[in-house]
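Below: run.tsv (TSV, C-alpha atoms)
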chain	number	residue	atom	x	y	z
O	810	MET	CA	57.22	-10.54	-54.91
O	811	GLU	CA	59.06	-7.28	-54.17
O	812	LYS	CA	56.79	-4.61	-52.67
O	813	ARG	CA	57.05	-1.13	-54.21
O	814	CYS	CA	55.82	2.30	-53.15
O	815	SER	CA	52.49	3.26	-54.67
O	816	ARG	CA	53.68	6.86	-55.19
O	817	CYS	CA	57.34	6.71	-56.43
O	818	GLY	CA	57.60	3.07	-57.44
O	819	MET	CA	60.80	2.48	-55.49
O	820	PRO	CA	61.28	-0.80	-53.54
O	821	VAL	CA	59.90	-0.70	-49.99
O	822	VAL	CA	61.91	-2.17	-47.12
O	823	GLN	CA	60.19	-5.19	-45.54
O	824	GLY	CA	58.11	-4.10	-42.52
O	825	ALA	CA	58.58	-0.37	-43.15
O	826	ARG	CA	55.61	1.92	-42.42
O	827	TYR	CA	56.75	4.66	-44.78
O	828	CYS	CA	58.64	4.72	-48.12
O	829	THR	CA	62.32	5.59	-47.44
O	830	HIS	CA	62.47	7.51	-50.71
O	831	CYS	CA	59.35	9.73	-50.68
O	832	GLY	CA	57.80	9.22	-47.21
O	833	ASN	CA	54.50	7.91	-48.54
O	834	PRO	CA	52.67	5.62	-46.03
O	835	VAL	CA	52.85	1.96	-46.97
O	836	SER	CA	49.39	0.77	-48.02
O	837	GLY	CA	49.14	-2.10	-45.49
O	838	HIS	CA	49.88	0.20	-42.53
O	839	GLN	CA	47.48	2.80	-43.84
O	840	SER	CA	44.74	0.17	-43.76
O	841	SER	CA	45.65	-0.80	-40.19
O	842	ARG	CA	45.49	2.83	-39.14
O	843	ALA	CA	42.04	3.13	-40.66
O	844	ASN	CA	40.94	0.03	-38.77
O	845	LEU	CA	42.21	1.45	-35.47
O	846	GLU	CA	40.45	4.75	-36.14
O	847	SER	CA	37.22	2.88	-36.89
O	848	LYS	CA	37.48	0.90	-33.63
O	849	ARG	CA	38.17	4.10	-31.68
O	850	ASN	CA	35.08	5.78	-33.12
O	851	LYS	CA	32.93	2.76	-32.21
O	852	VAL	CA	34.15	2.78	-28.58
O	853	LEU	CA	33.61	6.53	-28.22
O	854	GLY	CA	30.19	6.22	-29.81
O	855	LYS	CA	29.21	3.45	-27.40
O	856	ARG	CA	30.36	5.47	-24.39
O	857	LYS	CA	28.37	8.47	-25.60
O	858	SER	CA	25.28	6.32	-26.05
O	859	THR	CA	25.62	4.90	-22.50
O	860	ALA	CA	26.11	8.38	-21.03
O	861	THR	CA	23.02	9.62	-22.86
O	862	LYS	CA	20.97	6.69	-21.56
O	863	TRP	CA	21.94	7.36	-17.92
O	864	ALA	CA	21.28	11.07	-18.38
O	865	LYS	CA	17.68	10.22	-19.30
O	866	THR	CA	17.14	7.95	-16.26
O	867	PRO	CA	15.94	10.68	-13.80
O	868	PHE	CA	13.34	11.82	-16.33
O	869	ILE	CA	12.13	8.24	-16.79
O	870	ILE	CA	11.83	7.74	-13.02
O	871	ALA	CA	9.96	11.02	-12.64
O	872	PHE	CA	7.55	10.03	-15.42
O	873	ILE	CA	6.86	6.63	-13.84
O	874	ALA	CA	6.24	8.27	-10.44
O	875	LEU	CA	3.82	10.75	-12.00
O	876	LEU	CA	2.00	7.99	-13.85
O	877	GLY	CA	1.77	5.91	-10.67
O	878	GLY	CA	0.32	8.87	-8.78
O	879	LEU	CA	-2.32	9.42	-11.43
O	880	VAL	CA	-3.30	5.75	-11.40
O	881	TYR	CA	-3.50	5.69	-7.59
O	882	THR	CA	-5.68	8.78	-7.35
O	883	ASN	CA	-8.09	7.31	-9.91
O	884	LEU	CA	-8.46	3.90	-8.26
O	885	PRO	CA	-11.95	2.93	-7.13
O	886	GLU	CA	-12.72	4.06	-3.58
O	887	ARG	CA	-11.40	1.53	-1.08
O	888	SER	CA	-13.65	2.48	1.84
O	889	HIS	CA	-15.52	-0.33	3.57
O	890	PRO	CA	-19.08	-0.11	2.17
O	891	THR	CA	-20.68	-0.48	5.61
O	892	ILE	CA	-18.40	2.06	7.30
O	893	LYS	CA	-18.83	4.49	4.41
O	894	ASN	CA	-22.58	4.72	5.13
O	895	GLN	CA	-22.30	5.01	8.92
O	896	PRO	CA	-23.58	8.23	10.51
O	897	ILE	CA	-21.30	10.96	11.86
O	898	VAL	CA	-22.30	11.52	15.50
O	899	VAL	CA	-19.55	13.82	16.82
O	900	SER	CA	-16.87	16.12	15.47
O	901	PRO	CA	-13.57	14.51	14.35
O	902	THR	CA	-11.84	12.79	17.25
O	903	THR	CA	-8.15	12.35	18.03
O	904	TYR	CA	-7.11	9.45	20.25
O	905	PRO	CA	-3.94	9.55	22.36
O	906	SER	CA	-1.03	7.18	21.75
O	907	MET	CA	-1.83	5.41	25.04
O	908	ARG	CA	-4.30	2.51	25.04
O	909	GLN	CA	-8.00	3.30	24.95
O	910	GLU	CA	-9.64	0.13	26.31
O	911	MET	CA	-13.12	-1.16	25.58
O	912	ILE	CA	-15.71	-0.43	28.27
O	913	ASN	CA	-18.64	-2.79	28.79
O	914	THR	CA	-22.09	-1.30	28.31
O	915	ALA	CA	-25.63	-2.60	28.65
O	916	SER	CA	-27.79	-3.51	25.64
O	917	ARG	CA	-31.36	-4.64	25.10
O	918	VAL	CA	-33.42	-6.10	22.25
O	919	GLU	CA	-36.71	-4.47	21.30
O	920	ASN	CA	-38.81	-4.81	18.16
O	921	GLY	CA	-36.09	-6.63	16.27
O	922	LYS	CA	-33.40	-4.09	17.20
O	923	ILE	CA	-30.32	-4.40	19.41
O	924	ILE	CA	-30.14	-1.09	21.26
O	925	ILE	CA	-27.43	0.73	23.21
O	926	SER	CA	-27.18	4.31	24.44
O	927	LEU	CA	-25.65	6.78	21.97
O	928	ALA	CA	-24.77	9.13	24.84
O	929	GLU	CA	-22.68	6.39	26.43
O	930	VAL	CA	-20.86	5.70	23.18
O	931	ARG	CA	-20.13	9.40	22.78
O	932	GLU	CA	-18.84	9.60	26.32
O	933	LYS	CA	-16.77	6.40	26.46
O	934	LYS	CA	-15.90	6.32	22.72
O	935	PHE	CA	-15.25	2.55	22.71
O	936	VAL	CA	-17.80	0.11	24.17
O	937	ALA	CA	-18.42	-3.64	24.19
O	938	PHE	CA	-21.76	-5.45	24.54
O	939	ASP	CA	-23.33	-8.82	23.75
O	940	TYR	CA	-26.25	-10.10	21.72
O	941	VAL	CA	-27.70	-13.24	23.31
O	942	ALA	CA	-30.60	-15.21	21.88
O	943	ALA	CA	-31.51	-18.90	22.22
O	944	ASN	CA	-28.18	-20.74	22.08
O	945	LYS	CA	-26.27	-17.98	20.30
O	946	ARG	CA	-24.04	-15.26	21.72
O	947	VAL	CA	-22.36	-12.68	19.50
O	948	PRO	CA	-19.94	-10.17	21.05
O	949	LEU	CA	-20.35	-6.68	19.60
O	950	LEU	CA	-18.50	-3.37	19.78
O	951	ALA	CA	-19.11	0.26	18.95
O	952	TYR	CA	-16.63	3.11	18.72
O	953	ILE	CA	-16.23	6.63	17.42
O	954	SER	CA	-13.81	6.83	14.50
O	955	GLY	CA	-11.32	9.62	13.99
O	956	GLU	CA	-13.78	11.07	11.47
O	957	GLY	CA	-16.49	11.19	14.14
O	958	LYS	CA	-18.41	8.26	12.65
O	959	LEU	CA	-20.25	5.65	14.68
O	960	ILE	CA	-18.78	2.24	13.81
O	961	THR	CA	-20.38	-0.98	14.98
O	962	ALA	CA	-18.96	-4.47	14.41
O	963	VAL	CA	-18.72	-8.02	15.67
O	964	SER	CA	-16.13	-7.89	18.45
O	965	MET	CA	-13.98	-10.80	17.31
O	966	CYS	CA	-10.55	-11.35	15.82
O	967	GLU	CA	-11.57	-14.64	14.27
O	968	PRO	CA	-8.19	-16.31	13.60
O	969	CYS	CA	-7.04	-15.95	17.22
O	970	ASN	CA	-10.54	-15.93	18.81
O	971	SER	CA	-9.89	-12.73	20.74
O	972	GLN	CA	-12.95	-10.64	21.63
O	973	ARG	CA	-11.15	-7.65	23.12
O	974	PHE	CA	-9.48	-4.74	21.37
O	975	HIS	CA	-8.07	-1.34	22.18
O	976	ILE	CA	-7.53	1.92	20.31
O	977	ARG	CA	-4.08	3.47	20.06
O	978	GLY	CA	-3.82	6.70	18.10
O	979	ASP	CA	-5.44	6.05	14.72
O	980	GLN	CA	-5.30	2.26	14.98
O	981	LEU	CA	-7.53	-0.53	16.29
O	982	VAL	CA	-5.44	-3.24	17.95
O	983	CYS	CA	-6.27	-6.84	18.91
O	984	ASN	CA	-5.46	-7.42	22.59
O	985	SER	CA	-4.39	-11.02	21.91
O	986	CYS	CA	-2.35	-11.15	18.70
O	987	GLY	CA	-1.51	-7.46	18.29
O	988	SER	CA	-2.85	-7.25	14.72
O	989	THR	CA	-3.67	-3.66	13.79
O	990	TRP	CA	-6.20	-1.98	11.51
O	991	GLU	CA	-6.90	1.58	10.44
O	992	LEU	CA	-9.42	2.98	12.86
O	993	ASN	CA	-11.44	4.82	10.19
O	994	THR	CA	-11.59	2.03	7.60
O	995	LEU	CA	-10.63	-1.27	9.30
O	996	ARG	CA	-8.07	-1.87	6.56
O	997	ALA	CA	-5.21	-4.10	7.70
O	998	ILE	CA	-1.93	-2.50	8.79
O	999	SER	CA	-0.01	-5.37	10.35
O	1000	GLY	CA	-0.32	-8.73	12.07
O	1001	ALA	CA	-1.15	-12.33	11.21
O	1002	CYS	CA	-4.90	-11.73	11.59
O	1003	GLY	CA	-4.96	-8.58	9.46
O	1004	ARG	CA	-7.23	-10.10	6.82
O	1005	PHE	CA	-10.01	-10.54	9.40
O	1006	PRO	CA	-10.78	-7.27	11.20
O	1007	PRO	CA	-13.88	-7.01	13.39
O	1008	ASP	CA	-16.72	-7.62	10.94
O	1009	ALA	CA	-18.45	-4.25	10.48
O	1010	ILE	CA	-22.25	-4.29	10.64
O	1011	PRO	CA	-24.63	-1.41	9.85
O	1012	SER	CA	-26.36	0.58	12.55
O	1013	GLN	CA	-28.48	3.70	12.76
O	1014	VAL	CA	-29.14	6.45	15.24
O	1015	VAL	CA	-32.71	6.97	16.39
O	1016	ALA	CA	-33.20	9.74	18.95
O	1017	ASP	CA	-30.48	9.01	21.52
O	1018	GLU	CA	-30.14	5.32	20.70
O	1019	VAL	CA	-27.86	3.21	18.53
O	1020	GLN	CA	-29.94	0.54	16.83
O	1021	ILE	CA	-28.65	-2.59	15.06
O	1022	ASP	CA	-30.88	-4.93	13.08
O	1023	GLU	CA	-31.19	-8.09	15.20
O	1024	ALA	CA	-31.64	-10.30	12.12
O	1025	ILE	CA	-28.22	-9.32	10.75
O	1026	VAL	CA	-26.48	-10.29	13.96
O	1027	ALA	CA	-28.56	-13.46	14.41
O	1028	ARG	CA	-27.47	-14.64	10.93
O	1029	TRP	CA	-23.82	-13.73	11.42
O	1030	GLN	CA	-21.35	-16.57	10.83
O	1031	ARG	CA	-17.62	-16.70	11.34
O	1032	ARG	CA	-15.62	-16.07	8.15
O	1033	ILE	CA	-13.08	-18.78	9.00
Take the structure in this file and express it as structure tokens.
Amino acid sequence: MEKRCSRCGMPVVQGARYCTHCGNPVSGHQSSRANLESKRNKVLGKRKSTATKWAKTPFIIAFIALLGGLVYTNLPERSHPTIKNQPIVVSPTTYPSMRQEMINTASRVENGKIIISLAEVREKKFVAFDYVAANKRVPLLAYISGEGKLITAVSMCEPCNSQRFHIRGDQLVCNSCGSTWELNTLRAISGACGRFPPDAIPSQVVADEVQIDEAIVARWQRRI
């Protein structure tokens, strides 16, 4: 069937985009142009949407960071319950980056208490001593934390069986495996034995003595 112009009614040449008589666009090409324009608008709209999304990204990241900070600051206190209740015996202490080794000190047992000299702990800052009774021996340690607290514990890195440690800066370090813990809290920092720091035990200061309940140490068992 012969195709005619929708405006002037004259025959339209096959494949022509415009009527050769009046210049009116041929209806089929007009539809194609509309389709192209529609596709163009979709592409531009999609690009605009993507650009808008990326523009919002910094604000999203900032919001997440703020939310994370709020959650962290409202977490339950992570302090070791025993260390938290230990007495402060000196002003805050700063240890050098060089090794501060344990120094052996004498202890005695009287009236159900394991006793060492507080003056010696203050002076040497990091001491080692033993509890011996019947067929049991438990190595013990005492040190002054960076907060000035007296911390007493079983002197053992249980996974590697080491009984000697040193202080370096704000860290407690196993002499054998090199595992490290925060000096003030005994929370793990690094190392294969990090889950098993020296097992903190409570102590108290009476006059110029550090006293540990003998029964607690006598009942102590390895955790692994």
(request) Go through O:Trp1029, O:Tyr904, O:Phe935, O:Tyr827 one by one, measure the shortest atom-to-atom distance of each to Ala1009 in chain O using all atoms listed in the file, and give the residue with the smallest value. (result)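 Among the listed residues, O:Trp1029 lies closest to Ala1009 in chain O.
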(request) Rank O:Arg816, O:Phe868, O:Val982, O:Val918 by their smallest atom-to-atom distance to Ile998 in chain O, using only C-alpha atoms, and report the top residue only. (result) O:Val982
(message) Just checking: using only C-alpha atoms, which residue out of O:Asn944, O:Thr829, O:Ser971, O:Ser964 ends up closest to Cys986 in chain O?
(response)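 Using only C-alpha atoms, the shortest distance to Cys986 in chain O belongs to O:Ser971.
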(message) List the spatial neighbours of His975 in chain O as number ranges by chain - criterion: any atom at most 6 Å away, all atoms listed in the file, same-chain residues fewer than 5 positions off excluded.
(response) O: 909-910, 981-982
Mind writing the picked residues with C-alpha atoms as a CSV table (one decimal), keeping the file's coordinate frame?
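The result, stored in again-v4.csv:
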chain,number,residue,atom,x,y,z
O,909,GLN,CA,-8.0,3.3,25.0
O,910,GLU,CA,-9.6,0.1,26.3
O,981,LEU,CA,-7.5,-0.5,16.3
O,982,VAL,CA,-5.4,-3.2,18.0
(message) Using only C-alpha atoms, which protein or nucleic acid residues come within 7 Å of Asn993 in chain O? Drop anything in the same chain fewer than 5 positions from it, and give the result as a list in words.
(response)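 What passes the distance filter is Ser954, Gly955 and Glu956 of chain O.
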(request) Please measure the separation of CA of Arg996 in chain O and CA of Pro905 in chain O, giving the value in Å to one decimal. (result)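 Between these atoms lies a distance of 19.9 Å.
Candidate residues O:Asn913, O:Leu995, O:Thr902, O:Met965 were compared for distance to Glu929 in chain O, and the nearest is O:Asn913, using all atoms listed in the file.
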(request) Using all atoms listed in the file, pick whichever of O:Lys933, O:Arg1028, O:Lys893, O:Lys958 has the shortest atom-to-atom distance to Lys945 in chain O. (result) O:Arg1028
